[in-house]
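Printed here is final38.pdb (PDB, C-alpha atoms, pLDDT in the B column):
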ATOM      1  CA  MET J   1     -18.755  12.170   9.937  1.00 86.00           C
ATOM      2  CA  ILE J   2     -21.492  13.943   7.969  1.00 94.00           C
ATOM      3  CA  PRO J   3     -19.589  17.263   8.035  1.00 95.00           C
ATOM      4  CA  LEU J   4     -16.489  15.536   6.614  1.00 97.00           C
ATOM      5  CA  ALA J   5     -18.582  13.866   3.914  1.00 97.00           C
ATOM      6  CA  GLY J   6     -19.953  17.302   3.035  1.00 97.00           C
ATOM      7  CA  LEU J   7     -16.420  18.686   2.796  1.00 98.00           C
ATOM      8  CA  PHE J   8     -15.355  15.766   0.608  1.00 98.00           C
ATOM      9  CA  LEU J   9     -18.318  16.330  -1.704  1.00 97.00           C
ATOM     10  CA  ALA J  10     -17.730  20.087  -1.839  1.00 97.00           C
ATOM     11  CA  ALA J  11     -14.046  19.576  -2.677  1.00 97.00           C
ATOM     12  CA  PHE J  12     -14.911  16.910  -5.264  1.00 97.00           C
ATOM     13  CA  LEU J  13     -17.429  19.151  -7.022  1.00 96.00           C
ATOM     14  CA  ALA J  14     -15.046  22.125  -6.914  1.00 95.00           C
ATOM     15  CA  ALA J  15     -12.577  20.163  -9.079  1.00 95.00           C
ATOM     16  CA  THR J  16     -15.122  19.276 -11.754  1.00 93.00           C
ATOM     17  CA  PRO J  17     -16.829  21.446 -14.366  1.00 88.00           C
ATOM     18  CA  VAL J  18     -19.603  22.056 -11.805  1.00 88.00           C
ATOM     19  CA  PRO J  19     -19.195  25.613 -10.469  1.00 85.00           C
ATOM     20  CA  PHE J  20     -18.659  25.075  -6.755  1.00 88.00           C
ATOM     21  CA  GLN J  21     -16.364  26.373  -4.010  1.00 91.00           C
ATOM     22  CA  SER J  22     -15.092  24.282  -1.118  1.00 95.00           C
ATOM     23  CA  GLU J  23     -13.243  26.978   0.829  1.00 95.00           C
ATOM     24  CA  ILE J  24     -16.314  28.129   2.770  1.00 95.00           C
ATOM     25  CA  VAL J  25     -17.087  24.579   3.907  1.00 97.00           C
ATOM     26  CA  PHE J  26     -13.431  24.006   4.832  1.00 97.00           C
ATOM     27  CA  LEU J  27     -13.141  27.228   6.827  1.00 96.00           C
ATOM     28  CA  GLY J  28     -16.530  26.674   8.474  1.00 96.00           C
ATOM     29  CA  LEU J  29     -15.441  23.270   9.733  1.00 97.00           C
ATOM     30  CA  GLN J  30     -12.108  24.674  10.840  1.00 97.00           C
ATOM     31  CA  ALA J  31     -13.909  27.409  12.790  1.00 95.00           C
ATOM     32  CA  ALA J  32     -16.114  24.712  14.342  1.00 95.00           C
ATOM     33  CA  GLY J  33     -12.999  23.072  15.771  1.00 94.00           C
ATOM     34  CA  TRP J  34     -12.262  20.244  13.371  1.00 96.00           C
ATOM     35  CA  PRO J  35      -8.521  19.392  13.257  1.00 96.00           C
ATOM     36  CA  ALA J  36      -6.798  21.077  10.308  1.00 96.00           C
ATOM     37  CA  LEU J  37      -4.901  17.923   9.310  1.00 96.00           C
ATOM     38  CA  ILE J  38      -8.133  15.915   8.984  1.00 97.00           C
ATOM     39  CA  LEU J  39      -9.718  18.713   6.938  1.00 98.00           C
ATOM     40  CA  VAL J  40      -6.682  18.930   4.631  1.00 98.00           C
ATOM     41  CA  LEU J  41      -6.686  15.162   4.050  1.00 98.00           C
ATOM     42  CA  VAL J  42     -10.425  14.967   3.351  1.00 98.00           C
ATOM     43  CA  ALA J  43     -10.558  18.070   1.144  1.00 98.00           C
ATOM     44  CA  SER J  44      -7.410  17.122  -0.784  1.00 98.00           C
ATOM     45  CA  SER J  45      -8.710  13.614  -1.414  1.00 98.00           C
ATOM     46  CA  GLY J  46     -12.033  14.892  -2.696  1.00 98.00           C
ATOM     47  CA  ASN J  47     -10.408  17.558  -4.846  1.00 98.00           C
ATOM     48  CA  VAL J  48      -7.894  15.135  -6.395  1.00 98.00           C
ATOM     49  CA  LEU J  49     -10.650  12.631  -7.175  1.00 98.00           C
ATOM     50  CA  GLY J  50     -12.763  15.404  -8.711  1.00 97.00           C
ATOM     51  CA  SER J  51      -9.801  16.341 -10.883  1.00 97.00           C
ATOM     52  CA  CYS J  52      -9.456  12.681 -11.892  1.00 97.00           C
ATOM     53  CA  LEU J  53     -13.043  12.847 -13.160  1.00 97.00           C
ATOM     54  CA  THR J  54     -12.233  16.036 -15.087  1.00 96.00           C
ATOM     55  CA  TYR J  55      -9.127  14.338 -16.539  1.00 96.00           C
ATOM     56  CA  ALA J  56     -11.232  11.305 -17.530  1.00 95.00           C
ATOM     57  CA  LEU J  57     -13.769  13.582 -19.227  1.00 92.00           C
ATOM     58  CA  GLY J  58     -10.914  15.124 -21.202  1.00 90.00           C
ATOM     59  CA  ARG J  59      -9.643  11.699 -22.227  1.00 90.00           C
ATOM     60  CA  GLY J  60     -13.136  10.675 -23.261  1.00 85.00           C
ATOM     61  CA  PHE J  61     -13.628  13.782 -25.356  1.00 79.00           C
ATOM     62  CA  GLY J  62     -10.169  13.370 -26.861  1.00 71.00           C
ATOM     63  CA  GLY J  63     -11.307  10.299 -28.721  1.00 68.00           C
ATOM     64  CA  LEU J  64     -14.134  12.278 -30.299  1.00 68.00           C
ATOM     65  CA  HIS J  65     -12.050  15.130 -31.722  1.00 65.00           C
ATOM     66  CA  GLU J  66     -12.680  13.939 -35.285  1.00 66.00           C
ATOM     67  CA  HIS J  67     -16.454  14.081 -34.824  1.00 67.00           C
ATOM     68  CA  PRO J  68     -18.109  17.009 -36.660  1.00 69.00           C
ATOM     69  CA  ARG J  69     -19.963  18.124 -33.516  1.00 69.00           C
ATOM     70  CA  PHE J  70     -16.871  18.097 -31.304  1.00 67.00           C
ATOM     71  CA  PRO J  71     -17.088  21.398 -29.378  1.00 65.00           C
ATOM     72  CA  VAL J  72     -13.408  22.268 -29.810  1.00 68.00           C
ATOM     73  CA  ARG J  73     -12.346  23.291 -33.285  1.00 72.00           C
ATOM     74  CA  PRO J  74      -9.088  21.898 -34.720  1.00 71.00           C
ATOM     75  CA  ALA J  75      -7.429  25.324 -34.470  1.00 78.00           C
ATOM     76  CA  GLN J  76      -8.395  25.609 -30.789  1.00 76.00           C
ATOM     77  CA  LEU J  77      -7.134  22.092 -30.123  1.00 74.00           C
ATOM     78  CA  ALA J  78      -3.849  22.888 -31.875  1.00 79.00           C
ATOM     79  CA  ARG J  79      -3.504  26.043 -29.755  1.00 80.00           C
ATOM     80  CA  ALA J  80      -4.137  24.018 -26.576  1.00 75.00           C
ATOM     81  CA  GLU J  81      -1.572  21.438 -27.659  1.00 77.00           C
ATOM     82  CA  GLY J  82       0.967  24.191 -28.313  1.00 81.00           C
ATOM     83  CA  TRP J  83       0.308  25.822 -24.955  1.00 76.00           C
ATOM     84  CA  PHE J  84       0.560  22.485 -23.162  1.00 77.00           C
ATOM     85  CA  ALA J  85       3.744  21.588 -25.041  1.00 78.00           C
ATOM     86  CA  ARG J  86       5.262  24.921 -24.034  1.00 80.00           C
ATOM     87  CA  TRP J  87       4.315  24.869 -20.370  1.00 78.00           C
ATOM     88  CA  GLY J  88       4.195  21.098 -19.966  1.00 79.00           C
ATOM     89  CA  LEU J  89       2.781  19.032 -17.205  1.00 86.00           C
ATOM     90  CA  CYS J  90       4.098  21.456 -14.593  1.00 89.00           C
ATOM     91  CA  SER J  91       1.167  23.686 -15.482  1.00 90.00           C
ATOM     92  CA  LEU J  92      -0.924  21.191 -13.515  1.00 93.00           C
ATOM     93  CA  LEU J  93       0.587  22.721 -10.382  1.00 94.00           C
ATOM     94  CA  LEU J  94      -1.839  25.573 -11.098  1.00 91.00           C
ATOM     95  CA  SER J  95      -4.819  23.209 -11.134  1.00 92.00           C
ATOM     96  CA  TRP J  96      -5.892  24.586  -7.742  1.00 91.00           C
ATOM     97  CA  ALA J  97      -6.403  28.081  -9.161  1.00 89.00           C
ATOM     98  CA  PRO J  98      -9.549  29.421 -10.847  1.00 86.00           C
ATOM     99  CA  GLY J  99      -9.653  27.908 -14.322  1.00 84.00           C
ATOM    100  CA  GLY J 100      -7.347  25.099 -13.245  1.00 89.00           C
ATOM    101  CA  ASP J 101      -9.987  22.541 -14.156  1.00 90.00           C
ATOM    102  CA  LEU J 102      -9.447  23.510 -17.776  1.00 87.00           C
ATOM    103  CA  ILE J 103      -5.758  22.615 -17.467  1.00 90.00           C
ATOM    104  CA  VAL J 104      -6.707  19.212 -16.065  1.00 94.00           C
ATOM    105  CA  PHE J 105      -9.261  18.710 -18.855  1.00 90.00           C
ATOM    106  CA  VAL J 106      -6.642  19.583 -21.490  1.00 87.00           C
ATOM    107  CA  ALA J 107      -4.191  17.150 -19.860  1.00 92.00           C
ATOM    108  CA  GLY J 108      -6.806  14.422 -20.316  1.00 92.00           C
ATOM    109  CA  LEU J 109      -7.657  15.571 -23.820  1.00 86.00           C
ATOM    110  CA  LEU J 110      -3.994  15.360 -24.798  1.00 86.00           C
ATOM    111  CA  ARG J 111      -3.602  12.039 -22.969  1.00 89.00           C
ATOM    112  CA  ALA J 112      -0.923  13.134 -20.520  1.00 92.00           C
ATOM    113  CA  PRO J 113       0.426  10.181 -18.474  1.00 93.00           C
ATOM    114  CA  LEU J 114      -1.925   9.572 -15.550  1.00 95.00           C
ATOM    115  CA  PRO J 115       0.713   8.701 -12.893  1.00 96.00           C
ATOM    116  CA  LEU J 116       2.516  12.014 -13.418  1.00 95.00           C
ATOM    117  CA  VAL J 117      -0.765  13.932 -13.633  1.00 96.00           C
ATOM    118  CA  LEU J 118      -1.889  12.336 -10.369  1.00 97.00           C
ATOM    119  CA  LEU J 119       1.364  13.214  -8.597  1.00 97.00           C
ATOM    120  CA  LEU J 120       1.165  16.853  -9.700  1.00 96.00           C
ATOM    121  CA  LEU J 121      -2.511  17.057  -8.719  1.00 97.00           C
ATOM    122  CA  ILE J 122      -1.772  15.694  -5.248  1.00 97.00           C
ATOM    123  CA  ILE J 123       0.995  18.266  -4.762  1.00 97.00           C
ATOM    124  CA  ALA J 124      -1.141  21.160  -6.034  1.00 97.00           C
ATOM    125  CA  LYS J 125      -4.372  20.289  -4.253  1.00 97.00           C
ATOM    126  CA  THR J 126      -2.762  19.397  -0.916  1.00 97.00           C
ATOM    127  CA  GLY J 127      -0.657  22.550  -1.034  1.00 97.00           C
ATOM    128  CA  ARG J 128      -3.786  24.589  -1.618  1.00 96.00           C
ATOM    129  CA  TYR J 129      -5.597  23.169   1.406  1.00 98.00           C
ATOM    130  CA  LEU J 130      -2.490  23.416   3.601  1.00 97.00           C
ATOM    131  CA  ALA J 131      -2.297  27.118   2.738  1.00 97.00           C
ATOM    132  CA  LEU J 132      -6.016  27.506   3.411  1.00 97.00           C
ATOM    133  CA  ALA J 133      -5.667  25.736   6.779  1.00 97.00           C
ATOM    134  CA  TRP J 134      -2.782  28.027   7.703  1.00 97.00           C
ATOM    135  CA  ALA J 135      -4.709  31.148   6.649  1.00 95.00           C
ATOM    136  CA  GLY J 136      -7.828  29.970   8.451  1.00 95.00           C
ATOM    137  CA  GLY J 137      -5.899  29.112  11.597  1.00 92.00           C
ATOM    138  CA  THR J 138      -4.197  32.499  11.538  1.00 92.00           C
ATOM    139  CA  ALA J 139      -7.474  34.330  11.062  1.00 89.00           C
ATOM    140  CA  LEU J 140      -9.197  32.338  13.806  1.00 83.00           C
ATOM    141  CA  SER J 141      -6.407  33.079  16.270  1.00 83.00           C
ATOM    142  CA  LEU J 142      -6.863  36.804  15.627  1.00 71.00           C
ATOM    143  CA  VAL J 143     -10.572  36.698  16.442  1.00 56.00           C
TER     144      VAL J 143
END
Go ahead and render the structure in this file as C-alpha cells.
Amino acid sequence: MIPLAGLFLAAFLAATPVPFQSEIVFLGLQAAGWPALILVLVASSGNVLGSCLTYALGRGFGGLHEHPRFPVRPAQLARAEGWFARWGLCSLLLSWAPGGDLIVFVAGLLRAPLPLVLLLLIIAKTGRYLALAWAGGTALSLV
C-alpha cells in the first residue's frame, strides 16, 4: 500500500502549484506489475483532489482581489475573465496539460460552479491517466 500512497501523493502534488510530476511514479509502478486500473483510480483521485485544492486557493484569492497587495492586477484579472468567458468551463478539460493548474486556479478565482468543475476535472484527469496507462502498457509490451 505504500507505493499506492506515494502515487496518490505524487498525483496530488502534481495538480497543485507545487512543481511535481506523477508520470514517473505511475509508470514505475506499472513496470513493477501493479494493475493499470488500480493505478488509474489512485492517480486520478489524487490529481482531482489536488486540483480541488488549487480551485479552493483560487476561490480564496478571489475574495481578496480588492486588496492593494493582491498579486493580480485588475487588467490581468479582466483579461482572465475575458479568456474564461470565451473558452468557458470546457477549458478545464485541458487541466491535465502543463499550465492546466492555472486554468483550475482561474476557475476558482472566478467562482465557477464546483459541481461542473469537478465533473470536468474527473473527465480530464482520468482520461490523462488512462492514456498514460495505455502508453505505458504498450511500451512495456515492446520491451
message: On this structure, the PyMOL selection byres ((chain J and resi 127) around 12) would catch which residues? List them as a list in words, sorted by chain and number.
response: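 Applying the PyMOL selection byres ((chain J and resi 127) around 12) to the structure shown produces Val40, Leu41, Ala43, Ser44, Asn47, Val48, Leu93, Leu94, Ser95, Trp96, Ala97, Leu120, Leu121, Ile122, Ile123, Ala124, Lys125, Thr126, Arg128, Tyr129, Leu130, Ala131, Leu132, Ala133 and Trp134 of chain J.
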task: Expand the PyMOL selection byres ((chain J and resi 90) around 12) into the individual residues it matches in the shown file, reporting them as an MDAnalysis selection string.
output: chainID J and resid 83:89 91:95 103:104 107 112 116:121 123:124
- request: Would you mind telling me which residue in J:Gly6, J:Thr16, J:Pro115, J:Leu142 lies nearest to Leu57 of chain J when using all atoms listed in the file?
  value: J:Thr16
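Put simply, atom CA of Ala75 of chain J is 16.0 Å away from atom CA of Phe61 of chain J.
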Among the residues J:Val18, J:Leu4, J:Ile24, J:Leu9, the one that comes closest to Leu39 of chain J [using all atoms listed in the file]: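 Result for the nearest residue to Leu39 of chain J: J:Leu4.
With atom CA of Pro74 of chain J on one side and atom CA of Pro113 of chain J on the other, the separation reads 22.2 Å.
Here atom CA of Leu7 of chain J and atom CA of Phe26 of chain J stand 6.4 Å from one another.
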query: Between J:Val42, J:Thr54, J:Arg73, J:Ser141, which has the minimum distance to Val106 of chain J (counting only C-alpha atoms)?
result: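 Closest to Val106 of chain J, using only C-alpha atoms: J:Thr54.
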- prompt: Which of these residues is nearest to Gly136 of chain J, using all atoms listed in the file: J:Trp34, J:Phe12, J:Phe105, J:Phe20?
  reply: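 Residue with the minimum atom-to-atom distance to Gly136 of chain J: J:Trp34.
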message: I need the residue nearest Ser22 of chain J from this list: J:Gly46, J:Gly58, J:Gly108, J:Gly137. Use all atoms listed in the file for the distance.
response: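 Smallest separation from Ser22 of chain J among the options: J:Gly46.
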